[in-house]
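K.L.:
My questions will all concern the structure given below.
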Amino acid sequence: MFYHLGKIATRFRWLIVGIWMVAVLVALPFAPQASQVLQPGGFTSPDAQSQRALDLLAQKTHLNTNIVQVIFTSQRYTADSPQFIAEAQQALAGLQHWSTVAQIISFTDNPRQISTDRHAAYVNVIVNADPNNVSSFLPQLEQRLHVVPDLKTSVGGGAVFYQDIQVVSENDLRRAEILAFPFAVIALLLVFRSVIAAILPTLVGGFAVVVALALIFGIGHLTPLSIFVLNITTLFGLGLGVDYSLFIVSRFREELGHGRSIEDAVTLTVATAGRAVAFSGLTVSIGLFGLTFFHINMLRSVGMGGVLVVLLAVLAAITLLPAMLAIIGLRVNALPVRIPAFWRRSTAVSSEVHHGFWYRLSNFVMRYPVRVLVPVLLLLLGFGAPFLGVRFSAPDASILPKSVPSRAAYDLIAQRFDSSETTPIILAVQTQGNVLTPANIRNLYYYVKRIEADPNTKRVDSIVSADPRLTLDQYELMYTHPQLVSDPYIAALLKSTVVGNTLSIQVISKYGMIDSHSQALVEAIRNTNPGNGISVLVTGGTAADIDYVNSLYGDFPIAALVVAITTYIVLFLLFRSVVLPLKAIIMNTLSILASYGALVIIFQDGFLHQLLNFTPLGFVEATSPILLFCSLFGLSMDYEVFLLSRVQEAFWQTGDNTRAVALGLQRSGGIITSAAVIVVVVSLCFATADVILVKALGIGMALAVVIDATLVRGLLVPATMRLLGNWNWWLPFSGVQRHPPALAEYALEADQASAEGTGSESGQTNVEIGGKR
């Protein structure tokens, strides 16, 4: 198949290039608009109890959670002073009769909205608008806020957080693109030492990204997609597009070095490197496809975008690039670049040199396989050990830089207000019949008393605990005629929390939202049966955090299993071996575990946080390990596929497992190292992101690729393959596989014919990276 694809690429070269140029030109107007159809949220699951509780309250009691917090601070006045109150009312005057505002809940109505030092207070502005479309109302709201002389005004809340996520993500993407492209070109110049050869991979990667973003713009009109799909699309499009092209161009230059014609060189390149690229892209796509198994829209969006751009990168690498190589031909080495001799020696590509660095390293490792395997294995397990102490949590404004409004407001609330008061546990309660019947009031009264008895409970705000001085009999009597309730607080509570058979109750924990005591309180409430036909759903920040983590890690084992099994099947078909795919999966898992340990040390514990310019979270954002697993499982497999493909070719040639490993590592070592450097460079460009979620992904990928390209590929792979011996190539019912398929057999025959034509100088006929022979 790939041999014939190479033939097609040479025969219809101009047509293929023309089709791609048309596709890019059509995509160019739409690609920059992709962010306009993406949503900043996507961190909730519709099946979670906390979300179902919110939906119930929204339907029954018309609860509106689209809240903008306006925070006032003053060094001069306290929040209960007439001057503070007057200026706050003056600042809010423009919102009072605005149709977009449903309600304003002031600190004058709820004293718990005043800070502990009494010099700050906040107002909850409830907005009738889609929280995912903040651009429709937030700028107008901010314009309507009047500036007052003695109060500093800050704006926060969910809507502002969504806007900041969108703005910061777009800025992160632009910064990463500005950094990644020139650094990738520099790395390619160092590898190829030719301007033309270096430009080709960046063109392929850029084309894949542009077309993918345009397709995302179209898909975003059909289904909700998260804003984070932009970052993953560009990261994988650039990284893998350049990577795949690097392997294709390198193999093409190698084939030219064997004295083949341009047409034969292109054909054999697609038949060998193109085949490896296709299978490699398939393994990456399988890993990213695993993200679509999750109920969290952010992960599903990232999975869809990642699969799309990887498939486009593969398609460009095996169609567009071969066609361009067929047109350019020997000019691929044009415009040579002079670089230091040490780098030239370290990255020289040769298929017959038996005494290069990688050849010597693999022979040393295979001479002492156990002595190398055990300490390296222990080292990698040690890198991953900190993950045993991981704490997961959902993302909040702390994942953003301190300079943006929502993070500044978040920090202000956290520092100056009682955090337990600002993040209540909310119960959505349904009774049999009207809530206010004497029987239901009695049942609710005793149910609330049980919650109040929990040692983690600070207070319960409900119609049956509104005033601790009232007895059950008094509550029953009062609610017999609710329209006659004279107490303004209880009357307001009735109006806002009771509709028909539905009631909302707020439970205030003694501890912060993500504290383990608050989580224990939520679990205790969920495990407490109210009885008497009463049903309860629990929501609020703590409950949502629990549901978020449970949803992710309930789906994760299934997704990981599907990814691992599917990858095994693909690699089994590629290598025709039972053992090699299993070994590759284990090697990948080790490098991923090491990156997991780094997540905990860096983002939970704060190691290097000043250098990396972020505030330690005290936890690991729960999607980060899943994103890393699904991304790295395929990405790390990339290098395993390219390495083992060359080892497999050498084994078919020699029949000697030990020699095949040494030859395969030597033939692929330099170019795989160069490819890994490019992915690390691109990943580190995304590590400059201000959104900690993206920063963690960039750093985690960079670390995992470094470990995979050094410890795993240079030491573990040769050691394990030496210990396994010919079992590496064993296939049930067939024994040890020594004969290549017809396509590879053709390539090997061509190699032998070329070698006969060049005699003993075959080692010198390889194309030097500078373009000389």
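For the structure tokens, the naming scheme is as follows: chains receive sequential letters (A, B, ...) according to their order of presentation, residues are indexed from 1 within each chain, and ligands are indexed from 1 in presentation order.
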Could you give me the residues within range 17-138 of chain A that DSSP places in strand (DSSP E), as a tab-separated table (two decimals) with N, CA, C and O atoms, in the first residue's frame?

P.N.:
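part-v6.tsv was written with the following content:
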```tsv
chain	number	residue	atom	x	y	z
A	67	ILE	N	-23.42	34.43	38.13
A	67	ILE	CA	-23.24	35.52	39.10
A	67	ILE	C	-21.93	36.26	38.81
A	67	ILE	O	-20.89	35.63	38.61
A	68	VAL	N	-22.03	37.57	38.80
A	68	VAL	CA	-20.85	38.43	38.75
A	68	VAL	C	-20.68	39.04	40.13
A	68	VAL	O	-21.62	39.66	40.66
A	69	GLN	N	-19.51	38.87	40.71
A	69	GLN	CA	-19.24	39.45	42.03
A	69	GLN	C	-18.56	40.81	41.87
A	69	GLN	O	-17.53	40.91	41.20
A	70	VAL	N	-19.16	41.83	42.47
A	70	VAL	CA	-18.56	43.17	42.50
A	70	VAL	C	-18.06	43.39	43.93
A	70	VAL	O	-18.85	43.41	44.88
A	71	ILE	N	-16.75	43.52	44.07
A	71	ILE	CA	-16.12	43.60	45.39
A	71	ILE	C	-15.65	45.03	45.63
A	71	ILE	O	-14.94	45.61	44.80
A	72	PHE	N	-16.04	45.57	46.74
A	72	PHE	CA	-15.62	46.93	47.13
A	72	PHE	C	-14.66	46.85	48.31
A	72	PHE	O	-14.91	46.13	49.28
A	73	THR	N	-13.57	47.58	48.24
A	73	THR	CA	-12.62	47.65	49.35
A	73	THR	C	-12.31	49.12	49.65
A	73	THR	O	-12.31	49.96	48.76
A	101	VAL	N	-29.77	42.40	34.15
A	101	VAL	CA	-29.57	42.05	35.57
A	101	VAL	C	-30.89	41.57	36.16
A	101	VAL	O	-31.89	42.28	36.15
A	102	ALA	N	-30.87	40.32	36.67
A	102	ALA	CA	-32.07	39.76	37.28
A	102	ALA	C	-32.23	40.17	38.72
A	102	ALA	O	-33.35	40.43	39.19
A	103	GLN	N	-31.12	40.25	39.46
A	103	GLN	CA	-31.20	40.57	40.88
A	103	GLN	C	-29.83	41.03	41.38
A	103	GLN	O	-28.80	40.60	40.87
A	104	ILE	N	-29.83	41.89	42.35
A	104	ILE	CA	-28.60	42.32	43.01
A	104	ILE	C	-28.74	41.99	44.50
A	104	ILE	O	-29.64	42.50	45.17
A	105	ILE	N	-27.86	41.14	45.00
A	105	ILE	CA	-27.88	40.76	46.41
A	105	ILE	C	-26.74	41.49	47.09
A	105	ILE	O	-25.56	41.16	46.89
A	120	ALA	N	-14.01	45.44	53.51
A	120	ALA	CA	-14.35	44.98	52.16
A	120	ALA	C	-15.70	44.29	52.20
A	120	ALA	O	-16.12	43.74	53.23
A	121	ALA	N	-16.40	44.34	51.09
A	121	ALA	CA	-17.70	43.68	50.98
A	121	ALA	C	-17.96	43.41	49.51
A	121	ALA	O	-17.41	44.08	48.63
A	122	TYR	N	-18.80	42.40	49.24
A	122	TYR	CA	-19.11	42.12	47.84
A	122	TYR	C	-20.61	42.06	47.61
A	122	TYR	O	-21.40	41.83	48.53
A	123	VAL	N	-20.95	42.29	46.35
A	123	VAL	CA	-22.34	42.26	45.91
A	123	VAL	C	-22.45	41.20	44.82
A	123	VAL	O	-21.62	41.13	43.92
A	124	ASN	N	-23.47	40.34	44.89
A	124	ASN	CA	-23.72	39.33	43.86
A	124	ASN	C	-24.71	39.89	42.85
A	124	ASN	O	-25.86	40.19	43.20
A	125	VAL	N	-24.24	40.06	41.63
A	125	VAL	CA	-25.10	40.54	40.54
A	125	VAL	C	-25.50	39.32	39.71
A	125	VAL	O	-24.66	38.70	39.05
A	126	ILE	N	-26.77	38.95	39.76
A	126	ILE	CA	-27.27	37.79	39.02
A	126	ILE	C	-27.71	38.25	37.64
A	126	ILE	O	-28.53	39.16	37.50
A	127	VAL	N	-27.14	37.60	36.62
A	127	VAL	CA	-27.30	38.07	35.24
A	127	VAL	C	-28.14	37.09	34.43
A	127	VAL	O	-27.92	35.87	34.51
```

K.L.:
Range 636-731 of chain A near range 240-245 of chain A within 10 Å: what's each residue's closest atom pair and its distance in Å to one decimal, counting only C-alpha atoms, ordered by chain then ascending residue number, as JSON lines?

P.N.:
```
{"residue": "A:Asp638", "atom": "CA", "partner": "A:Leu240", "partner_atom": "CA", "distance": 9.2}
{"residue": "A:Tyr639", "atom": "CA", "partner": "A:Asp243", "partner_atom": "CA", "distance": 9.9}
{"residue": "A:Ile671", "atom": "CA", "partner": "A:Asp243", "partner_atom": "CA", "distance": 9.6}
{"residue": "A:Ile672", "atom": "CA", "partner": "A:Asp243", "partner_atom": "CA", "distance": 8.8}
{"residue": "A:Ser674", "atom": "CA", "partner": "A:Asp243", "partner_atom": "CA", "distance": 8.7}
{"residue": "A:Ala675", "atom": "CA", "partner": "A:Asp243", "partner_atom": "CA", "distance": 5.3}
{"residue": "A:Ala676", "atom": "CA", "partner": "A:Asp243", "partner_atom": "CA", "distance": 7.9}
{"residue": "A:Val677", "atom": "CA", "partner": "A:Asp243", "partner_atom": "CA", "distance": 9.6}
{"residue": "A:Ile678", "atom": "CA", "partner": "A:Asp243", "partner_atom": "CA", "distance": 7.3}
{"residue": "A:Val679", "atom": "CA", "partner": "A:Asp243", "partner_atom": "CA", "distance": 7.4}
{"residue": "A:Val682", "atom": "CA", "partner": "A:Leu240", "partner_atom": "CA", "distance": 9.9}
```

K.L.:
Measuring between only C-alpha atoms, which one of A:Leu693, A:Val17, A:Glu452, A:Arg646 shows the shortest distance to Arg251 in chain A?

P.N.:
A:Arg646

K.L.:
Write out as a ChimeraX atom specification each polymer residue whose atoms come within 7 Å of Cys685 in chain A, counting only C-alpha atoms; drop sequence neighbours fewer than 2 positions from it.

P.N.:
/A:176,179-180,681-683,687-688

K.L.:
Tell me which protein, DNA and RNA residues are within 9 Å of Thr100 in chain A, counting only C-alpha atoms, leaving out same-chain ones fewer than 2 positions away, and put them as an MDAnalysis selection string.

P.N.:
chainID A and resid 95 97:98 102 126:129 137 141

K.L.:
Considering only C-alpha atoms, return as a PyMOL selection string whatever protein or nucleic-acid residues lie within 8 Å of Met637 in chain A, sequence-local ones (same chain, fewer than 4 positions apart) excluded.

P.N.:
chain A and resi 280+283-284+584-585+588+632-633+641

K.L.:
Write out, as an mmCIF file, in the first residue's frame, the residues just selected, with N, CA and C atoms.

P.N.:
```
data_model
loop_
_atom_site.group_PDB
_atom_site.id
_atom_site.type_symbol
_atom_site.label_atom_id
_atom_site.label_comp_id
_atom_site.auth_asym_id
_atom_site.auth_seq_id
_atom_site.Cartn_x
_atom_site.Cartn_y
_atom_site.Cartn_z
ATOM 1 N N SER A 280 2.648 5.204 13.464
ATOM 2 C CA SER A 280 2.940 6.052 14.618
ATOM 3 C C SER A 280 1.794 7.038 14.850
ATOM 4 N N THR A 283 -1.093 5.329 16.467
ATOM 5 C CA THR A 283 -0.965 5.112 17.913
ATOM 6 C C THR A 283 -1.228 6.413 18.688
ATOM 7 N N VAL A 284 -0.746 7.548 18.153
ATOM 8 C CA VAL A 284 -1.021 8.827 18.806
ATOM 9 C C VAL A 284 -2.519 9.120 18.782
ATOM 10 N N ALA A 584 6.718 -2.308 24.509
ATOM 11 C CA ALA A 584 6.582 -0.886 24.187
ATOM 12 C C ALA A 584 5.584 -0.201 25.115
ATOM 13 N N ILE A 585 4.481 -0.868 25.433
ATOM 14 C CA ILE A 585 3.475 -0.289 26.334
ATOM 15 C C ILE A 585 4.045 -0.108 27.734
ATOM 16 N N ASN A 588 6.459 2.843 27.741
ATOM 17 C CA ASN A 588 5.711 4.107 27.724
ATOM 18 C C ASN A 588 5.158 4.448 29.094
ATOM 19 N N LEU A 632 0.790 11.373 25.863
ATOM 20 C CA LEU A 632 2.126 10.780 25.865
ATOM 21 C C LEU A 632 2.122 9.316 25.468
ATOM 22 N N PHE A 633 1.022 8.630 25.709
ATOM 23 C CA PHE A 633 0.993 7.215 25.354
ATOM 24 C C PHE A 633 1.261 7.030 23.862
ATOM 25 N N VAL A 641 8.108 3.249 17.791
ATOM 26 C CA VAL A 641 7.777 2.722 16.466
ATOM 27 C C VAL A 641 8.922 2.957 15.495
#
```
